[in-house]
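K.L.:
Here you go, one structure.
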Amino acid sequence: MAEAIPLLALAVGRTARIAEPLPGTEIPRRLADLGFVPGTELSIVRRAPFGDPLELEIRGYRLCLRAEQVESLRVLP
Amino acid sequence: MSAAPELADRPVRVALIGAPNAGKTTLFNALTGSSAKVGNYPGVTVERREGALRHGERDVRVLDLPGTYSIVGETPDEQIVEKVLAGRLAGEAELDGIVAVVDATTLRRGLGLVRELLARGVPTALVLTMIDEVRARGGKLEPAKLSALLGIPVLGVVGHRGVGMDPLYRILPEPWRWSKPVDLPPAPDAAARFAWVDEVCRKVGAEALEPDTRTDRIDRVLLHPLAGVAVFGLVMLLLFQSIFSWAVPAMDAIDGGVGELARLSRALLPAGWLTDLWTDGVLAGVGSVLVFLPQIVILFTFIHLLNDLGYMARAAFVVDRVMGWVGLQGRSFVPLLSCYACAVPGIMATRTISSPRERLATILVAPFMTCSARLPVYTLLIAAFVPAATHFGVVGQQGLVLFGLYLLGAATAFTSAALLGSTLLKGTPSVFYMELPPYRWPTARLLARQVWHSARAFLKRAGTMILATSIVLWGLLSFPRAAPDPARSPAQEARANLEASAAARLGHAIEPAIAPLGFDWKIGVGLIASLAAREVIVATLAQTYAVESKNDFNGLRDALRADVDPRTGRHVFSLPVALALMVFFVFALQCTSTIVVMARETGSWRWPALAFGYMLTLAWTASFLTYRIASAFG
């Protein structure tokens, strides 16, 4: 089984699954309400021309978030 | 559940709830047509939209709730949704039914919100919008199948084409007859909710759709690291150009028309203060309201057009990082750019910023951007007092000063935004979500309606107030009058009247406060008059110096240069005074229209009062320093 890595370390275009949050932490409620829950597949579609925000694909839709909002997310490539 | 009989004599109340971009507003417009009433929820800046429709015997009131991804949260929008659903918002009657609006192409996200709603026990129906898009992208979503799984009515519509609306019209008036949801296992957290969503989607066959390849292809260019930035620059240049110069003919026409009407009135009516009130107070006031319309119409045509095409979100996506450095968002860019023309439409355009903190910060710094009303003031003072020297063969000194004033305004706006974000607005919630919607061709009718709404909102909410203040200012500048003296020329008469007016007294009264800046009472009167609109100071100075016509630019310039203070024997105006006055105009919130619009858009007078205060403090301090430093260099 692969090691969980920070989402921000995932290459653009690669798909990964959201990992369980580290012990003592949880996925921010706002992200959870959008369907960012462990086991869900997601990928980084693109970064904005100046590097931030990111466009993510998750649950069949796309959404832009700033890197700081998703920096706590960990994924299993 | 409420039964039908007690409803016989009151309208049925239904709310639309759904995520931003779910097609909620399109559905609302399709349902209620032109009956929509737009207002604000008391005490907050959240827009409240309600419309009515009649089906058979019953009146149905449809409430369009703010877009939200969840029914709990801390932003004003989310709190309004939470309170309305719970029936805890004062003045808001309990709901008979909830219509959840979900974009059919994002079902695997949208059902999460539906799951939260089903737990509340209020009759609920589900409307799937953009159902045609699902089929176009290889999906096979059957509303009937989903309805069987959830228990509640599920309808598929294409809101903007009115497809599938009839069944909705039929069920809307009688929420108490809607089928009840199936028994659902408890879902204590988001993970459990979305596990249920995934299961439902699997059963209903809502698999992943084929990607929207057309949108993808366009995005590869428009969001390209180089081409994307270039396109962004071009679009913004076009927008800037359009509000800056395309509006001018229409604004001149309004100015000319109002002026012509005033001349006609003067010719027909007996001379006297009542006629003056009509021409210089009322007509000039109406003119000062109408003159904003061309810019507002052009700007909002652009904004709605780009938004409907799908480019506004992309523009914000491109520029977000840069704006983020000073605590703003990508969506702050267009409003601030518009402020180079005028802060009034610029502040109105901040409605596109959904995050409360960034919206307030943008509104509060907007007046620092150099609006076009400052330009006549700068032009006059620079022409009169800045020597027309050239440096390095190409750089004109006068142009350099003008450029410096523009730069000073923008730099102050961005610095203040950064400071506000980390101090005063620290506790205000900030949210950032953005979706890049599929590119679509907008319809001319919808576009026209949106622009009309913006223009009407300005006339209704700000226009009356701006008219009232300009009449009050006219009164201050006109009364009391000097005793008429037939020996004086009309220009001298006008000067005598101004010198006797309440505004002149105010000018004298504030003289001690502005003397350290090198300003005398005449500039004080000009500053008071410029509260109506910044460029008015030019006309007031012309009146003070008894220049025959306010269009006599050279006459006024020479009068300013020649003016000597009888007490000191020195020139009233000098380069340091002119520089200090221009710096004052860079910073001061000398514009009642902006103040009024700020109050309307933030829902309170607290913010404009604060902005007026800090901008005045900054203006005084900067003017003082400019005057001292420039004087020291002689």
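Identifiers in this document derive from the order of the structure tokens: chains are assigned A, B, ..., residues are numbered from 1 separately in each chain, and ligands are numbered from 1 in order of occurrence.
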Taking only C-alpha atoms into account, what are the residues of chain B at most 10 Å from chain A, put as a VMD selection string?

P.N.:
chain B and resid 19 69 to 73 105 to 113 189 to 195 197 to 198 207 to 211 219 to 220 222 to 229 313 to 314 316 to 322 324 330 431 to 437

K.L.:
From the DSSP assignment of the backbone, select every residue of chain A that is strand (DSSP E), and format the answer as a list in words.

P.N.:
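Output for chain A, strand (DSSP E) only: Ile5, Pro6, Thr15, Ala16, Arg17, Ile18, Glu41, Leu42, Ser43, Ile44, Val45, Arg46, Arg47, Leu54, Glu55, Leu56, Glu57, Ile58, Tyr61, Arg62, Leu63, Cys64, Leu65, Arg74, Val75 and Leu76 of chain A.
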
K.L.:
Please, could you write that set of residues out with N, CA and C atoms as a PDB file, in the first residue's frame?

P.N.:
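Result saved to again-v2.pdb:
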```pdb
ATOM      1  N   ILE A   5       0.657  11.058   0.767  1.00  0.00           N
ATOM      2  CA  ILE A   5       1.476  12.250   0.543  1.00  0.00           C
ATOM      3  C   ILE A   5       0.562  13.481   0.609  1.00  0.00           C
ATOM      4  N   PRO A   6       1.128  14.673   0.853  1.00  0.00           N
ATOM      5  CA  PRO A   6       0.287  15.876   0.814  1.00  0.00           C
ATOM      6  C   PRO A   6      -0.307  16.042  -0.578  1.00  0.00           C
ATOM      7  N   THR A  15      -4.435  11.007 -10.612  1.00  0.00           N
ATOM      8  CA  THR A  15      -5.574  10.784  -9.723  1.00  0.00           C
ATOM      9  C   THR A  15      -5.102  10.098  -8.441  1.00  0.00           C
ATOM     10  N   ALA A  16      -5.701  10.492  -7.312  1.00  0.00           N
ATOM     11  CA  ALA A  16      -5.358   9.859  -6.044  1.00  0.00           C
ATOM     12  C   ALA A  16      -6.612   9.799  -5.180  1.00  0.00           C
ATOM     13  N   ARG A  17      -6.528   9.055  -4.061  1.00  0.00           N
ATOM     14  CA  ARG A  17      -7.655   8.979  -3.134  1.00  0.00           C
ATOM     15  C   ARG A  17      -7.339   9.772  -1.882  1.00  0.00           C
ATOM     16  N   ILE A  18      -8.352  10.429  -1.341  1.00  0.00           N
ATOM     17  CA  ILE A  18      -8.133  11.169  -0.105  1.00  0.00           C
ATOM     18  C   ILE A  18      -7.868  10.179   1.023  1.00  0.00           C
ATOM     19  N   GLU A  41     -11.914   9.885  -4.728  1.00  0.00           N
ATOM     20  CA  GLU A  41     -10.864  10.149  -5.722  1.00  0.00           C
ATOM     21  C   GLU A  41     -10.830  11.626  -6.093  1.00  0.00           C
ATOM     22  N   LEU A  42      -9.630  12.148  -6.303  1.00  0.00           N
ATOM     23  CA  LEU A  42      -9.538  13.512  -6.817  1.00  0.00           C
ATOM     24  C   LEU A  42      -8.248  13.688  -7.597  1.00  0.00           C
ATOM     25  N   SER A  43      -8.204  14.758  -8.399  1.00  0.00           N
ATOM     26  CA  SER A  43      -6.975  15.069  -9.126  1.00  0.00           C
ATOM     27  C   SER A  43      -6.854  16.580  -9.254  1.00  0.00           C
ATOM     28  N   ILE A  44      -5.629  17.029  -9.467  1.00  0.00           N
ATOM     29  CA  ILE A  44      -5.413  18.448  -9.737  1.00  0.00           C
ATOM     30  C   ILE A  44      -5.484  18.631 -11.247  1.00  0.00           C
ATOM     31  N   VAL A  45      -6.478  19.392 -11.727  1.00  0.00           N
ATOM     32  CA  VAL A  45      -6.637  19.578 -13.171  1.00  0.00           C
ATOM     33  C   VAL A  45      -5.583  20.541 -13.695  1.00  0.00           C
ATOM     34  N   ARG A  46      -5.446  21.674 -12.997  1.00  0.00           N
ATOM     35  CA  ARG A  46      -4.433  22.652 -13.403  1.00  0.00           C
ATOM     36  C   ARG A  46      -4.168  23.616 -12.269  1.00  0.00           C
ATOM     37  N   ARG A  47      -3.054  24.292 -12.388  1.00  0.00           N
ATOM     38  CA  ARG A  47      -2.780  25.411 -11.500  1.00  0.00           C
ATOM     39  C   ARG A  47      -3.017  26.693 -12.290  1.00  0.00           C
ATOM     40  N   LEU A  54      -5.716  26.360  -7.361  1.00  0.00           N
ATOM     41  CA  LEU A  54      -5.700  25.110  -8.114  1.00  0.00           C
ATOM     42  C   LEU A  54      -7.107  24.803  -8.581  1.00  0.00           C
ATOM     43  N   GLU A  55      -7.214  24.153  -9.743  1.00  0.00           N
ATOM     44  CA  GLU A  55      -8.515  23.606 -10.117  1.00  0.00           C
ATOM     45  C   GLU A  55      -8.472  22.108  -9.850  1.00  0.00           C
ATOM     46  N   LEU A  56      -9.413  21.626  -9.044  1.00  0.00           N
ATOM     47  CA  LEU A  56      -9.434  20.222  -8.656  1.00  0.00           C
ATOM     48  C   LEU A  56     -10.625  19.529  -9.298  1.00  0.00           C
ATOM     49  N   GLU A  57     -10.472  18.242  -9.566  1.00  0.00           N
ATOM     50  CA  GLU A  57     -11.624  17.457 -10.004  1.00  0.00           C
ATOM     51  C   GLU A  57     -11.921  16.430  -8.930  1.00  0.00           C
ATOM     52  N   ILE A  58     -13.165  16.440  -8.452  1.00  0.00           N
ATOM     53  CA  ILE A  58     -13.570  15.519  -7.406  1.00  0.00           C
ATOM     54  C   ILE A  58     -15.051  15.237  -7.582  1.00  0.00           C
ATOM     55  N   TYR A  61     -17.048  16.728 -10.532  1.00  0.00           N
ATOM     56  CA  TYR A  61     -17.162  18.156 -10.828  1.00  0.00           C
ATOM     57  C   TYR A  61     -15.828  18.814 -10.546  1.00  0.00           C
ATOM     58  N   ARG A  62     -15.710  20.070 -10.969  1.00  0.00           N
ATOM     59  CA  ARG A  62     -14.450  20.777 -10.794  1.00  0.00           C
ATOM     60  C   ARG A  62     -14.652  21.987  -9.924  1.00  0.00           C
ATOM     61  N   LEU A  63     -13.637  22.309  -9.151  1.00  0.00           N
ATOM     62  CA  LEU A  63     -13.741  23.376  -8.181  1.00  0.00           C
ATOM     63  C   LEU A  63     -12.358  23.978  -7.992  1.00  0.00           C
ATOM     64  N   CYS A  64     -12.302  25.315  -7.846  1.00  0.00           N
ATOM     65  CA  CYS A  64     -11.016  25.970  -7.599  1.00  0.00           C
ATOM     66  C   CYS A  64     -10.886  26.287  -6.128  1.00  0.00           C
ATOM     67  N   LEU A  65      -9.757  25.962  -5.579  1.00  0.00           N
ATOM     68  CA  LEU A  65      -9.471  26.288  -4.186  1.00  0.00           C
ATOM     69  C   LEU A  65      -8.047  26.804  -4.116  1.00  0.00           C
ATOM     70  N   ARG A  74      -4.252  14.966   2.730  1.00  0.00           N
ATOM     71  CA  ARG A  74      -3.265  13.963   2.333  1.00  0.00           C
ATOM     72  C   ARG A  74      -3.947  12.946   1.427  1.00  0.00           C
ATOM     73  N   VAL A  75      -3.203  12.464   0.454  1.00  0.00           N
ATOM     74  CA  VAL A  75      -3.803  11.552  -0.527  1.00  0.00           C
ATOM     75  C   VAL A  75      -2.947  10.310  -0.715  1.00  0.00           C
ATOM     76  N   LEU A  76      -3.598   9.251  -1.195  1.00  0.00           N
ATOM     77  CA  LEU A  76      -2.893   8.018  -1.551  1.00  0.00           C
ATOM     78  C   LEU A  76      -2.825   7.947  -3.070  1.00  0.00           C
TER      79      LEU A  76
END
```

K.L.:
Just want the 6 Å neighbourhood of range 609-623 of chain B, counted on only C-alpha atoms, with same-chain residues fewer than 5 positions away dropped. Output as number ranges by chain.

P.N.:
B: 517, 580, 583-584, 587-589

K.L.:
So that I have them on file, write out the residues from the current selection with N, CA, C and O atoms, as a CSV table (one decimal), in the first residue's frame.

P.N.:
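Listed below is the output, result-v5.csv:
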```csv
chain,number,residue,atom,x,y,z
B,517,LEU,N,-2.2,73.5,5.7
B,517,LEU,CA,-2.0,72.8,4.4
B,517,LEU,C,-1.7,73.9,3.3
B,517,LEU,O,-1.5,73.5,2.2
B,580,ALA,N,-0.2,70.2,-2.6
B,580,ALA,CA,-0.9,69.8,-1.4
B,580,ALA,C,-2.4,69.5,-1.7
B,580,ALA,O,-3.0,68.6,-1.2
B,583,VAL,N,-2.8,66.3,-3.6
B,583,VAL,CA,-2.6,65.1,-2.7
B,583,VAL,C,-3.8,65.0,-1.9
B,583,VAL,O,-4.2,63.8,-1.6
B,584,PHE,N,-4.4,66.1,-1.4
B,584,PHE,CA,-5.6,66.0,-0.7
B,584,PHE,C,-6.7,65.3,-1.5
B,584,PHE,O,-7.4,64.4,-0.9
B,587,PHE,N,-6.5,61.4,-1.6
B,587,PHE,CA,-6.9,60.6,-0.4
B,587,PHE,C,-8.3,60.8,0.0
B,587,PHE,O,-8.9,59.9,0.5
B,588,ALA,N,-8.8,62.1,0.0
B,588,ALA,CA,-10.0,62.4,0.7
B,588,ALA,C,-11.2,61.8,0.0
B,588,ALA,O,-11.3,61.7,-1.2
B,589,LEU,N,-12.2,61.3,0.8
B,589,LEU,CA,-13.4,60.8,0.2
B,589,LEU,C,-14.4,61.9,-0.1
B,589,LEU,O,-15.4,62.1,0.6
```

K.L.:
Between CA of Pro173 in chain B and CA of Leu63 in chain B, what is the distance in Å, rounded to a tenth?

P.N.:
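If I compute the distance from CA of Pro173 in chain B to CA of Leu63 in chain B, I get 13.5 Å.
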
K.L.:
Residues near Arg161 in chain B, anyone? I mean within 10 Å using only C-alpha atoms, not counting same-chain ones fewer than 4 positions away, as a PyMOL selection string.

P.N.:
chain B and resi 26-27+30+130+157+165

K.L.:
Kindly give the distance, in Å, that separates CA of Leu31 in chain B and CA of Val60 in chain B, rounded to a single decimal.

P.N.:
10.2 Å
